[in-house]
Every structure is written in structure tokens, then in C-alpha cells.
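Data from data24.tsv: TSV, C-alpha atoms
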chain	number	residue	atom	x	y	z
O	234	MET	CA	110.76	126.05	21.20
O	235	PHE	CA	107.50	124.07	20.82
O	236	SER	CA	106.23	125.69	17.62
O	237	GLN	CA	106.30	122.37	15.73
O	238	ALA	CA	103.93	120.73	18.19
O	239	ASN	CA	100.22	121.13	18.84
O	240	PRO	CA	99.08	122.28	22.33
O	241	LYS	CA	98.13	118.74	23.39
O	242	GLN	CA	101.56	117.36	22.49
O	243	ARG	CA	103.26	120.27	24.22
O	244	ALA	CA	101.30	119.70	27.42
O	245	LEU	CA	102.10	115.97	27.27
O	246	VAL	CA	105.83	116.53	26.83
O	247	ILE	CA	105.99	119.17	29.58
O	248	GLY	CA	104.06	116.77	31.82
O	249	LEU	CA	106.53	113.97	31.02
O	250	ILE	CA	109.55	116.16	31.76
O	251	VAL	CA	108.08	117.29	35.10
O	252	LEU	CA	107.08	113.72	35.98
O	253	GLY	CA	110.54	112.47	35.04
O	254	ILE	CA	112.19	115.09	37.26
O	255	LEU	CA	109.89	114.26	40.19
O	256	PHE	CA	110.49	110.50	39.80
O	257	THR	CA	114.23	111.04	39.52
O	258	ILE	CA	114.42	113.17	42.66
O	259	PHE	CA	112.09	110.99	44.72
O	260	PHE	CA	113.53	107.60	43.81
O	261	GLY	CA	117.06	109.00	43.55
O	262	MET	CA	116.97	110.06	47.18
O	263	ARG	CA	115.43	106.79	48.30
O	264	ALA	CA	117.96	104.80	46.26
O	265	PHE	CA	120.79	106.83	47.79
O	266	HIS	CA	119.57	106.13	51.34
O	267	ALA	CA	119.03	102.46	50.50
O	268	TYR	CA	122.52	102.29	49.00
O	269	LYS	CA	124.05	103.75	52.15
O	270	LYS	CA	122.37	101.03	54.22
O	271	PHE	CA	123.06	98.31	51.66
O	272	GLY	CA	126.65	99.44	51.04
O	273	GLY	CA	127.51	99.19	54.73
O	274	HIS	CA	126.67	95.47	54.74
O	275	ARG	CA	128.85	92.78	53.34
O	276	PRO	CA	127.32	89.46	52.24
O	277	PRO	CA	127.47	86.99	55.13
O	278	PRO	CA	129.92	84.09	54.66
O	279	PRO	CA	128.25	80.96	53.22
O	280	GLY	CA	126.87	78.62	55.88
O	281	LYS	CA	126.78	81.30	58.57
O	282	VAL	CA	123.96	80.72	61.06
O	283	GLU	CA	121.78	83.81	61.38
O	284	THR	CA	121.76	85.36	64.83
O	285	ASP	CA	120.08	88.73	64.26
O	286	VAL	CA	116.52	88.21	65.50
O	287	GLU	CA	115.45	91.57	64.06
O	288	LEU	CA	115.35	89.83	60.67
O	289	VAL	CA	112.38	87.69	61.74
O	290	ARG	CA	109.23	88.75	59.87
O	291	ASP	CA	105.61	87.87	60.49
O	292	TRP	CA	105.24	86.20	57.06
O	293	MET	CA	107.74	83.51	58.00
O	294	PRO	CA	106.50	80.03	58.99
O	295	ILE	CA	108.10	78.38	62.03
O	296	PRO	CA	110.01	75.60	60.17
O	297	PHE	CA	111.67	78.32	58.06
O	298	ILE	CA	112.72	80.29	61.16
O	299	SER	CA	113.90	77.09	62.78
O	300	ARG	CA	116.14	76.38	59.80
O	301	MET	CA	117.38	79.96	59.49
O	302	TYR	CA	118.45	80.23	63.15
O	303	ARG	CA	119.15	76.51	63.73
O	304	VAL	CA	116.74	76.39	66.65
O	305	PRO	CA	114.58	73.24	66.97
O	306	GLU	CA	110.99	73.80	65.87
O	307	LYS	CA	109.80	72.16	69.07
O	308	ASN	CA	111.37	74.90	71.19
O	309	ILE	CA	109.49	77.57	69.25
O	310	PHE	CA	106.15	75.75	69.25
O	311	ASP	CA	106.55	75.01	72.98
O	312	ALA	CA	107.31	78.64	73.75
O	313	LEU	CA	104.15	79.66	71.89
O	314	LYS	CA	102.10	76.87	73.52
O	315	ILE	CA	100.88	75.91	70.05
O	316	PRO	CA	100.68	72.34	68.65
O	317	PRO	CA	102.97	71.80	65.63
O	318	LEU	CA	100.35	69.67	63.90
O	319	GLY	CA	98.56	71.70	61.25
O	320	ASN	CA	100.62	74.81	61.95
O	321	HIS	CA	103.77	74.11	59.98
O	322	ASN	CA	102.70	76.07	56.93
O	323	LYS	CA	101.19	79.02	58.74
O	324	SER	CA	102.96	82.35	58.99
O	325	LEU	CA	103.54	83.96	62.39
O	326	LYS	CA	100.84	86.47	61.50
O	327	ASP	CA	98.30	83.69	60.86
O	328	LEU	CA	99.29	81.94	64.08
O	329	ASN	CA	98.84	85.17	66.01
O	330	ARG	CA	95.41	85.69	64.44
O	331	LYS	CA	94.38	82.12	65.25
O	332	TYR	CA	95.75	81.62	68.77
O	333	TYR	CA	96.24	85.12	70.20
O	334	PRO	CA	93.70	87.31	68.43
O	335	ASN	CA	93.68	89.89	71.23
O	336	GLN	CA	97.45	90.25	71.54
O	337	ASP	CA	98.91	91.97	68.50
O	338	GLY	CA	102.49	90.94	67.73
O	339	PHE	CA	102.62	88.42	70.57
O	340	VAL	CA	103.76	85.50	68.40
O	341	LEU	CA	106.48	87.56	66.70
O	342	SER	CA	107.90	88.87	69.97
O	343	THR	CA	107.74	85.44	71.64
O	344	VAL	CA	109.58	83.85	68.72
O	345	LYS	CA	112.29	86.53	68.88
O	346	ALA	CA	112.65	86.02	72.65
O	347	THR	CA	112.87	82.23	72.16
O	348	LEU	CA	115.58	82.58	69.52
O	349	LEU	CA	117.55	84.95	71.76
O	350	ALA	CA	117.21	82.62	74.73
O	351	PHE	CA	118.48	79.73	72.61
O	352	GLN	CA	121.52	81.75	71.59
O	353	GLN	CA	122.55	82.48	75.21
O	354	PRO	CA	125.67	80.53	76.15
O	355	THR	CA	124.89	77.82	78.69
O	356	PRO	CA	127.32	76.97	81.53
O	357	THR	CA	129.55	74.08	80.51
O	358	THR	CA	129.79	70.81	82.44
O	359	ASP	CA	132.53	69.39	80.25
O	360	ALA	CA	135.39	68.32	82.59
O	361	SER	CA	138.04	68.94	79.93
O	362	ARG	CA	137.02	72.57	79.72
O	363	VAL	CA	137.26	73.24	83.49
O	364	THR	CA	139.63	76.09	84.07
O	365	THR	CA	141.61	76.91	87.15
O	366	THR	CA	141.44	80.37	88.52
O	367	ILE	CA	144.62	82.32	88.91
O	368	PRO	CA	144.77	84.44	92.06
O	369	PRO	CA	145.19	88.14	91.45
O	370	PRO	CA	148.75	89.48	91.79
O	371	THR	CA	149.64	90.67	95.23
O	372	ALA	CA	152.13	93.30	96.18
O	373	LEU	CA	155.56	92.02	97.24
O	374	ALA	CA	156.26	92.40	100.93
O	375	THR	CA	159.05	94.85	101.51
O	376	PRO	CA	161.54	94.17	104.29
U	16	MET	CA	100.32	90.49	48.89
U	17	SER	CA	104.09	89.94	48.66
U	18	ALA	CA	104.23	88.78	52.30
U	19	PHE	CA	101.51	86.19	51.66
U	20	LEU	CA	103.28	84.99	48.51
U	21	LEU	CA	106.64	84.72	50.28
U	22	THR	CA	105.06	82.37	52.85
U	23	GLN	CA	103.54	80.29	50.07
U	24	VAL	CA	106.81	80.10	48.09
U	25	ILE	CA	108.46	78.68	51.23
U	26	ASN	CA	105.62	76.16	51.57
U	27	TYR	CA	105.11	75.14	47.93
U	28	GLY	CA	108.52	75.80	46.38
U	29	THR	CA	109.58	76.37	42.80
U	30	PRO	CA	106.29	75.42	41.00
U	31	LEU	CA	104.60	78.31	42.77
U	32	LEU	CA	107.57	80.57	42.00
U	33	GLY	CA	107.12	79.82	38.28
U	34	LEU	CA	103.37	80.47	38.47
U	35	ILE	CA	103.87	83.81	40.27
U	36	LEU	CA	106.38	84.99	37.66
U	37	LEU	CA	104.05	83.91	34.87
U	38	LEU	CA	101.11	85.83	36.36
U	39	GLY	CA	103.34	88.83	37.07
U	40	ALA	CA	104.38	88.94	33.41
U	41	LEU	CA	100.68	88.97	32.50
U	42	GLY	CA	100.17	92.13	34.50
U	43	PHE	CA	99.00	90.90	37.89
U	44	PRO	CA	100.53	93.22	40.51
U	45	LEU	CA	102.35	90.56	42.52
U	46	GLY	CA	105.68	92.29	43.17
U	47	THR	CA	107.69	89.74	41.22
U	48	SER	CA	111.08	91.41	41.76
U	49	VAL	CA	110.82	90.95	45.52
U	50	ILE	CA	109.89	87.29	44.97
U	51	VAL	CA	112.92	86.70	42.72
U	52	ILE	CA	115.34	88.27	45.23
U	53	ALA	CA	113.73	86.32	48.09
U	54	ALA	CA	113.86	83.10	46.03
U	55	GLY	CA	117.61	83.63	45.70
U	56	ALA	CA	117.87	83.96	49.48
U	57	PHE	CA	115.67	80.89	50.02
U	58	SER	CA	117.95	78.91	47.70
U	59	GLN	CA	120.96	79.92	49.78
U	60	GLN	CA	119.12	78.81	52.92
U	61	GLY	CA	118.36	75.44	51.36
U	62	ILE	CA	114.59	76.01	51.10
U	63	LEU	CA	114.59	75.98	47.28
U	64	ASN	CA	116.79	74.10	44.86
U	65	TRP	CA	118.64	76.88	43.02
U	66	THR	CA	118.84	75.17	39.62
U	67	ASN	CA	115.10	74.45	39.68
U	68	ALA	CA	114.40	77.99	40.84
U	69	ILE	CA	116.36	79.45	37.91
U	70	LEU	CA	114.86	77.11	35.29
U	71	ILE	CA	111.25	77.24	36.46
U	72	GLY	CA	111.38	80.97	37.25
U	73	PHE	CA	112.86	81.69	33.82
U	74	ALA	CA	110.27	79.50	32.08
U	75	GLY	CA	107.40	81.12	33.99
U	76	SER	CA	108.46	84.66	33.18
U	77	VAL	CA	109.13	83.95	29.49
U	78	ILE	CA	105.77	82.15	29.07
U	79	GLY	CA	104.01	85.09	30.76
U	80	ASP	CA	105.75	87.53	28.40
U	81	ILE	CA	104.77	85.46	25.37
U	82	LEU	CA	101.14	85.48	26.54
U	83	SER	CA	101.09	89.25	27.07
U	84	TYR	CA	102.75	89.74	23.66
U	85	SER	CA	99.96	87.54	22.23
U	86	ILE	CA	97.30	89.70	23.89
U	87	GLY	CA	98.80	92.71	22.11
U	88	HIS	CA	99.06	90.74	18.88
U	89	PHE	CA	95.41	89.64	18.92
U	90	ALA	CA	94.27	93.16	19.81
U	91	LYS	CA	96.16	94.46	16.77
U	92	ASP	CA	93.07	94.64	14.52
U	93	TRP	CA	91.10	96.52	17.15
U	94	THR	CA	94.02	98.93	17.70
U	95	GLN	CA	94.37	99.47	13.95
U	96	GLN	CA	90.66	100.18	13.62
U	97	HIS	CA	90.66	102.72	16.44
U	98	PHE	CA	94.09	104.33	16.23
U	99	GLY	CA	95.46	103.14	12.88
U	100	ASN	CA	94.99	106.53	11.21
U	101	SER	CA	96.17	108.61	14.15
U	102	PRO	CA	99.55	110.24	13.42
U	103	ALA	CA	100.53	109.89	17.09
U	104	TRP	CA	100.02	106.10	16.97
U	105	ILE	CA	101.86	105.81	13.65
U	106	ASN	CA	104.78	107.86	15.05
U	107	ALA	CA	104.83	105.88	18.28
U	108	SER	CA	104.75	102.55	16.40
U	109	GLU	CA	107.59	103.65	14.13
U	110	ALA	CA	109.65	104.90	17.06
U	111	PHE	CA	109.04	101.63	18.91
U	112	GLN	CA	110.07	99.51	15.91
U	113	LYS	CA	113.37	101.44	15.77
U	114	HIS	CA	114.31	100.81	19.42
U	115	ALA	CA	112.17	97.78	20.22
U	116	GLY	CA	115.06	95.40	20.92
U	117	LEU	CA	116.65	97.70	23.45
U	118	ALA	CA	113.28	98.54	25.02
U	119	ILE	CA	112.35	94.86	25.41
U	120	PHE	CA	115.77	93.97	26.79
U	121	LEU	CA	115.95	96.84	29.33
U	122	THR	CA	112.36	96.52	30.54
U	123	ARG	CA	112.98	92.89	31.54
U	124	TRP	CA	115.47	93.69	34.25
U	125	LEU	CA	116.28	97.40	34.61
U	126	ILE	CA	113.01	99.31	34.14
U	127	THR	CA	110.64	96.49	35.02
U	128	ALA	CA	107.69	98.81	35.77
U	129	VAL	CA	107.02	99.23	32.03
U	130	ALA	CA	107.60	95.63	30.94
U	131	ILE	CA	103.92	94.80	30.37
U	132	PRO	CA	103.06	97.87	28.27
U	133	THR	CA	106.19	97.07	26.23
U	134	ASN	CA	104.95	93.50	25.60
U	135	LEU	CA	101.52	94.77	24.57
U	136	ILE	CA	102.96	97.41	22.24
U	137	ALA	CA	105.38	94.88	20.74
U	138	GLY	CA	102.51	92.50	19.98
U	139	GLY	CA	100.15	95.27	18.85
U	140	SER	CA	102.64	97.00	16.58
U	141	GLY	CA	103.49	93.80	14.72
U	142	TYR	CA	107.06	93.51	16.04
U	143	LYS	CA	108.54	90.21	14.87
U	144	PHE	CA	107.91	87.46	17.42
U	145	SER	CA	111.27	85.72	17.01
U	146	HIS	CA	113.09	89.00	17.73
U	147	PHE	CA	110.82	89.68	20.69
U	148	LEU	CA	111.54	86.23	22.09
U	149	LEU	CA	115.30	86.62	21.71
U	150	TYR	CA	115.50	89.97	23.54
U	151	ASP	CA	112.95	88.79	26.08
U	152	MET	CA	114.88	85.64	26.95
U	153	ILE	CA	118.20	87.47	27.31
U	154	GLY	CA	116.61	90.16	29.49
U	155	GLU	CA	114.70	87.69	31.68
U	156	LEU	CA	117.79	85.57	32.20
U	157	ILE	CA	119.69	88.64	33.40
U	158	TRP	CA	116.78	89.55	35.67
U	159	ILE	CA	116.65	86.10	37.28
U	160	LEU	CA	120.43	85.73	37.60
U	161	LEU	CA	121.13	89.28	38.80
U	162	TYR	CA	118.24	89.71	41.23
U	163	GLY	CA	118.20	86.09	42.36
U	164	GLY	CA	121.99	86.07	42.58
U	165	LEU	CA	122.03	89.11	44.85
U	166	GLY	CA	119.38	87.45	47.02
U	167	TYR	CA	121.53	84.31	47.13
U	168	LEU	CA	124.62	86.31	48.04
U	169	PHE	CA	122.97	88.27	50.84
U	170	GLY	CA	120.84	85.41	52.20
U	171	SER	CA	118.79	86.48	55.20
U	172	GLN	CA	119.71	90.15	54.57
U	173	TRP	CA	118.01	90.14	51.14
U	174	GLU	CA	115.57	92.92	52.12
U	175	LEU	CA	118.43	95.43	51.97
U	176	VAL	CA	119.06	94.41	48.37
U	177	TYR	CA	115.39	94.72	47.49
U	178	ASP	CA	115.12	98.18	49.04
U	179	PHE	CA	117.98	99.40	46.87
U	180	ILE	CA	116.93	97.68	43.63
U	181	ASN	CA	113.32	98.80	43.95
U	182	ASN	CA	114.27	102.46	44.30
U	183	PHE	CA	116.97	102.21	41.67
U	184	GLY	CA	114.34	100.92	39.21
U	185	GLY	CA	112.19	103.97	40.00
U	186	LEU	CA	115.18	106.25	39.45
U	187	MET	CA	115.84	104.64	36.06
U	188	LEU	CA	112.20	105.03	35.08
U	189	GLY	CA	112.33	108.72	36.04
U	190	LEU	CA	115.46	109.22	33.93
U	191	VAL	CA	113.89	107.47	30.95
U	192	ILE	CA	110.70	109.58	31.15
U	193	PHE	CA	112.77	112.76	31.51
U	194	GLY	CA	115.08	111.72	28.67
U	195	PHE	CA	112.13	110.96	26.40
U	196	GLY	CA	110.62	114.40	27.08
U	197	VAL	CA	113.93	116.17	26.41
U	198	TYR	CA	114.46	114.11	23.24
U	199	GLN	CA	111.02	115.14	21.99
U	200	VAL	CA	111.81	118.83	22.56
U	201	TRP	CA	115.15	118.41	20.77
U	202	HIS	CA	113.35	116.64	17.90
U	203	TRP	CA	110.95	119.57	17.51
U	204	GLN	CA	113.86	122.02	17.56
U	205	GLU	CA	115.55	120.08	14.76
U	206	LYS	CA	112.34	120.08	12.72
U	207	LYS	CA	112.00	123.80	13.24
U	208	LYS	CA	115.57	124.38	12.05
U	209	LEU	CA	114.97	122.29	8.93
U	210	ALA	CA	111.75	124.16	8.20
U	211	ALA	CA	113.56	127.50	8.60
U	212	ASN	CA	116.24	126.42	6.16
Would you write the structure of this file as C-alpha cells?
Amino acid sequence: MFSQANPKQRALVIGLIVLGILFTIFFGMRAFHAYKKFGGHRPPPPGKVETDVELVRDWMPIPFISRMYRVPEKNIFDALKIPPLGNHNKSLKDLNRKYYPNQDGFVLSTVKATLLAFQQPTPTTDASRVTTTIPPPTALATP
Amino acid sequence: MSAFLLTQVINYGTPLLGLILLLGALGFPLGTSVIVIAAGAFSQQGILNWTNAILIGFAGSVIGDILSYSIGHFAKDWTQQHFGNSPAWINASEAFQKHAGLAIFLTRWLITAVAIPTNLIAGGSGYKFSHFLLYDMIGELIWILLYGGLGYLFGSQWELVYDFINNFGGLMLGLVIFGFGVYQVWHWQEKKKLAAN
């Protein structure tokens, strides 16, 4: 089959075929798994406010997170007990390194907790939305 | 590296995006595909202006490709001196000239892992610059619009898109390497048949 080629060329082509098969299997499987995850998600509707805090990453700066989740920056900085001044451009990882060097992942987890707390529904005081309670049905008295 | 760059793209916007794509096209391992998808998502979130992101990103990547083509072009004499008489180099150059347009086009957006070697070979083998630029611009535009567009569409869930595209690119590369090997074997078979006849 390889009689037209010299031994070097033969080895190179066999190597390429083996490498191609390995790449195809390895990345094919990974692509398949990624597709299964990716295929199960539909693009979010435009303008939708993000609520999934598991999407927060430690490379994100606080103003970006604030915008993504529509939570005021002040709430996040306050929760971290960090001054906003000079920290707007820093990632959560850098903030953790600077302010909490002995507590790995503290900033990330605190930010997630703050976002979750902000999403909790608060009891309403709006008079127009006061509802009356209906008593549960009672059995009719039989004569 | 990509995580650091993502933070900086949020902070410094489209000029940095253009610079990253330019350096990526020159061969710096900056993970430019992830940056393009993320830039699409940042545009959807209002962090970047999408028209600027497309224009500056496109300009950066095309300029980077032109520079890496030029590196190949200026190394042409050295390559000729060292490999000019080698039959393998002559064969490879001829084969490249035959399929150069397709190779340049596909390596911009589908098999991005071999984009830089393709630029260097195009420059070094004397492939016409105007043709290189045409295929390069079409391919880069598809890259920016497709990858960036998916990032824009999926917004904050862009990492799912990246995970798929990254592995799909690897799969394509594997198929191309395998196909090239099989083609070579077939080519030898044909030669053998002709010699026998």
C-alpha cells in the first residue's frame, strides 16, 4: 500500500492518521457532551434579568455583576465590607486576594449570597395589594 | 489568561478587544475565540457597543493576519535557501497553492487552531496577497459574526456556546488530519496503479 513512499513519509502519514483518529474521538465525545448541555438551553429572551447566581465567575468585576443581575453596586460592596473607590475595575479574584487573602473563595460566595438575598421577595406594604383571607370551607350542619 | 483578558475587556472595551484579536492573529496564545463569544455576550448586556465590537474586532483580526502573512513573506528567502530544493517542500507548496483559498477561508472560523501556520505558509509560498486578503476577510467576518452572534444570542449563558464550539473545532481538526492522511495513502495507491500500467 505504501510502496510509493519512503519510510519517513510512511511513518508521518501513519502518525497523522492515528493522531486524526485520536483527535476525532476525544473532541467528538467532548463536543457531543457539550452539545447535549448546550442543546437543552434556549437563548434567554432579550432584556431578561439574570437570576442564576451560579453564572457568577471570579473574573467578573462588581459593576459588571451589578448590571447583569440589576443589583445596586453599593449592596455588593457593603456586603463585602470593601470601599468602592479604586475597586471598580478589579475582578472578584483580585478583591479576594487583596482583602481576604486567607479565605479562599470568600468574595465569590458572599457576592452570590448577596445576589440571592436581593432576589428574595420582600413583604409588600402597598395598601392596594392587601388581600382578604377567605375562611376555609366548613361542613354543612345536618339537621 | 482568558479570565484576566475578559476582566480587562469589560474595563477597557472595544479598543482592547481589537488589540487582543490582533495579537492572537500574530500567534500569541490568548484564546481569541472565547473573547469573541464573550464580546458578543457583553454587547447584549450593554457593556460593549456591538457595531464598534464588530468593526474593531474585524479590523484587529485582519491586521494581525496581514502581519503574520508578512512574516511568512519576508522569511520566504530563508525558507527557499533551506528547503527550496526539498521535494517535500515543493510538493507541500504546490498542494497549498491548489487549495489555498479554501484553507485560508476555513482556518479563519472553523479550524482556527491552524490559522497562523496557514498565514505563514501563504506568505512563505508566495500566495498572492490580494487573494489572501479576500479569503481572509470573508473568513474573519464569518468568525466574528457567527461566534459573536452566538454570544450575543445566549448572553450570560455564553460559556455553554464556547464549550461546544471549542470542542467542535477540535473535532474538525481531527477530521482534517485524518482526511489528509487517508488522501495521501489514496494518492500513493493511484501512483502505484499508474506505475503498474
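Using all atoms listed in the file, the protein and nucleic acid residues lying at most 7 Å from the point (100.3, 90.1, 31.2) are Leu38, Gly39, Ala40, Leu41, Gly42, Phe43, Gly79, Asp80, Leu82, Ser83 and Ile131 of chain U.
Each of O:Asp337, O:Asp327, O:Asp311, O:Glu306 was compared to chain U using only C-alpha atoms, and O:Asp327 turns out to be the nearest.
Taking all atoms listed in the file, the non-local environment of stretch 261-270 of chain O within 9 Å (same-chain residues fewer than 5 positions away omitted) comprises Phe256 of chain O; Leu175, Val176, Asp178, Phe179, Ile180, Asn181, Asn182, Phe183, Gly184, Gly185, Leu186, Met187 and Gly189 of chain U.
Using all atoms listed in the file, the shortest contact distance between O:Ile254 and any of U:Leu34, U:Ala68, U:Leu190, U:Ile50 is found at U:Leu190.
The closest residue to O:Glu287, picked from O:Tyr333, O:Asn308, O:Tyr302, O:Pro240 and counting all atoms listed in the file, is O:Tyr302.
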Exercise for the section: Starting from chain U, keep only residues with some atom at most 10 Å from an atom of chain O, counting all atoms listed in the file, and report them as a ChimeraX atom specification. Expected result: /U:17-23,25-27,57,59-62,103,165-207,210
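Take atom CA of U:Thr122 and atom CA of U:Thr94: the distance between them is 22.5 Å.
For the residues U:Leu156, U:Leu148, U:Val129, U:Ala137, ranking by smallest atom-to-atom distance to U:Ile86 using all atoms listed in the file places U:Ala137 first.
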Completion exercise
One residue among U:Leu160, U:Ala90, U:Ala53, U:Ile81 is nearest to U:Asn134 when using only C-alpha atoms, and that residue is U:Ile81
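With only C-alpha atoms as the atoms that count, the minimum distance from O:Lys314 to the choices O:Thr343, O:Thr284, O:Asn335, O:Ala350 is reached by O:Thr343.
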Handout entry: Test item: residues at most 9 Å from O:Asn329, all atoms listed in the file, excluding those fewer than 6 positions along its chain, as a ChimeraX atom specification
Key = /O:335-341
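Taking atom CA of O:Lys307 as the reference point, atom CA of O:Gln353 is found at 17.5 Å.
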Practice task
Grab the atom CA of U:Leu45 to atom CA of U:Ile69 distance for me, in Å with one decimal place.
Solution key: 18.5 Å
Report as AutoDock Vina command-line options the centre and the edge lengths, in Å to one decimal, of the axis-aligned box holding every listed atom of stretch 173-185 of chain U, padded by 4 Å on each side.
--center_x 115.6 --center_y 97.1 --center_z 45.7 --size_x 14.9 --size_y 21.8 --size_z 20.9
Handout entry: Polymer residues at most 12 Å from U:Ile157, all atoms listed in the file, same-chain spacing of 3 or more positions, as an NGL selection string
Key = :U and (51 or 69 or 72-73 or 76 or 120-125 or 150-154 or 160-165)
Using C-alpha atoms, can you write the selected residues to a file as a compact mmCIF listing (two decimals), in the coordinates of the input?
# COMPACT_ATOMS: atom_id res chain seq x y z
CA VAL U 51 112.92 86.70 42.72
CA ILE U 69 116.36 79.45 37.91
CA GLY U 72 111.38 80.97 37.25
CA PHE U 73 112.86 81.69 33.82
CA SER U 76 108.46 84.66 33.18
CA PHE U 120 115.77 93.97 26.79
CA LEU U 121 115.95 96.84 29.33
CA THR U 122 112.36 96.52 30.54
CA ARG U 123 112.98 92.89 31.54
CA TRP U 124 115.47 93.69 34.25
CA LEU U 125 116.28 97.40 34.61
CA TYR U 150 115.50 89.97 23.54
CA ASP U 151 112.95 88.79 26.08
CA MET U 152 114.88 85.64 26.95
CA ILE U 153 118.20 87.47 27.31
CA GLY U 154 116.61 90.16 29.49
CA LEU U 160 120.43 85.73 37.60
CA LEU U 161 121.13 89.28 38.80
CA TYR U 162 118.24 89.71 41.23
CA GLY U 163 118.20 86.09 42.36
CA GLY U 164 121.99 86.07 42.58
CA LEU U 165 122.03 89.11 44.85
Starting from the incomplete input, reconstruct N, CA and C atoms of stretch 261-272 of chain O and report them as a PDB file, in the coordinates of the input.
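result25.pdb written:
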ATOM      1  N   GLY O 261     115.615 108.803  43.408  1.00  0.00           N
ATOM      2  CA  GLY O 261     117.060 109.000  43.550  1.00  0.00           C
ATOM      3  C   GLY O 261     117.448 109.117  45.019  1.00  0.00           C
ATOM      4  N   MET O 262     116.661 109.900  45.758  1.00  0.00           N
ATOM      5  CA  MET O 262     116.970 110.060  47.180  1.00  0.00           C
ATOM      6  C   MET O 262     116.775 108.750  47.939  1.00  0.00           C
ATOM      7  N   ARG O 263     115.686 108.078  47.615  1.00  0.00           N
ATOM      8  CA  ARG O 263     115.430 106.790  48.300  1.00  0.00           C
ATOM      9  C   ARG O 263     116.509 105.766  47.956  1.00  0.00           C
ATOM     10  N   ALA O 264     116.912 105.755  46.679  1.00  0.00           N
ATOM     11  CA  ALA O 264     117.960 104.800  46.260  1.00  0.00           C
ATOM     12  C   ALA O 264     119.269 105.130  46.968  1.00  0.00           C
ATOM     13  N   PHE O 265     119.558 106.415  47.125  1.00  0.00           N
ATOM     14  CA  PHE O 265     120.790 106.830  47.790  1.00  0.00           C
ATOM     15  C   PHE O 265     120.795 106.347  49.249  1.00  0.00           C
ATOM     16  N   HIS O 266     119.658 106.572  49.938  1.00  0.00           N
ATOM     17  CA  HIS O 266     119.570 106.130  51.340  1.00  0.00           C
ATOM     18  C   HIS O 266     119.678 104.605  51.430  1.00  0.00           C
ATOM     19  N   ALA O 267     118.986 103.930  50.503  1.00  0.00           N
ATOM     20  CA  ALA O 267     119.030 102.460  50.500  1.00  0.00           C
ATOM     21  C   ALA O 267     120.454 101.983  50.228  1.00  0.00           C
ATOM     22  N   TYR O 268     121.150 102.691  49.328  1.00  0.00           N
ATOM     23  CA  TYR O 268     122.520 102.290  49.000  1.00  0.00           C
ATOM     24  C   TYR O 268     123.437 102.444  50.212  1.00  0.00           C
ATOM     25  N   LYS O 269     123.206 103.535  50.970  1.00  0.00           N
ATOM     26  CA  LYS O 269     124.050 103.750  52.150  1.00  0.00           C
ATOM     27  C   LYS O 269     123.887 102.610  53.148  1.00  0.00           C
ATOM     28  N   LYS O 270     122.626 102.152  53.303  1.00  0.00           N
ATOM     29  CA  LYS O 270     122.370 101.030  54.220  1.00  0.00           C
ATOM     30  C   LYS O 270     122.947  99.738  53.657  1.00  0.00           C
ATOM     31  N   PHE O 271     122.678  99.532  52.363  1.00  0.00           N
ATOM     32  CA  PHE O 271     123.060  98.310  51.660  1.00  0.00           C
ATOM     33  C   PHE O 271     124.584  98.231  51.523  1.00  0.00           C
ATOM     34  N   GLY O 272     125.207  99.408  51.233  1.00  0.00           N
ATOM     35  CA  GLY O 272     126.650  99.440  51.040  1.00  0.00           C
ATOM     36  C   GLY O 272     127.431  99.150  52.308  1.00  0.00           C
TER      37      GLY O 272
END
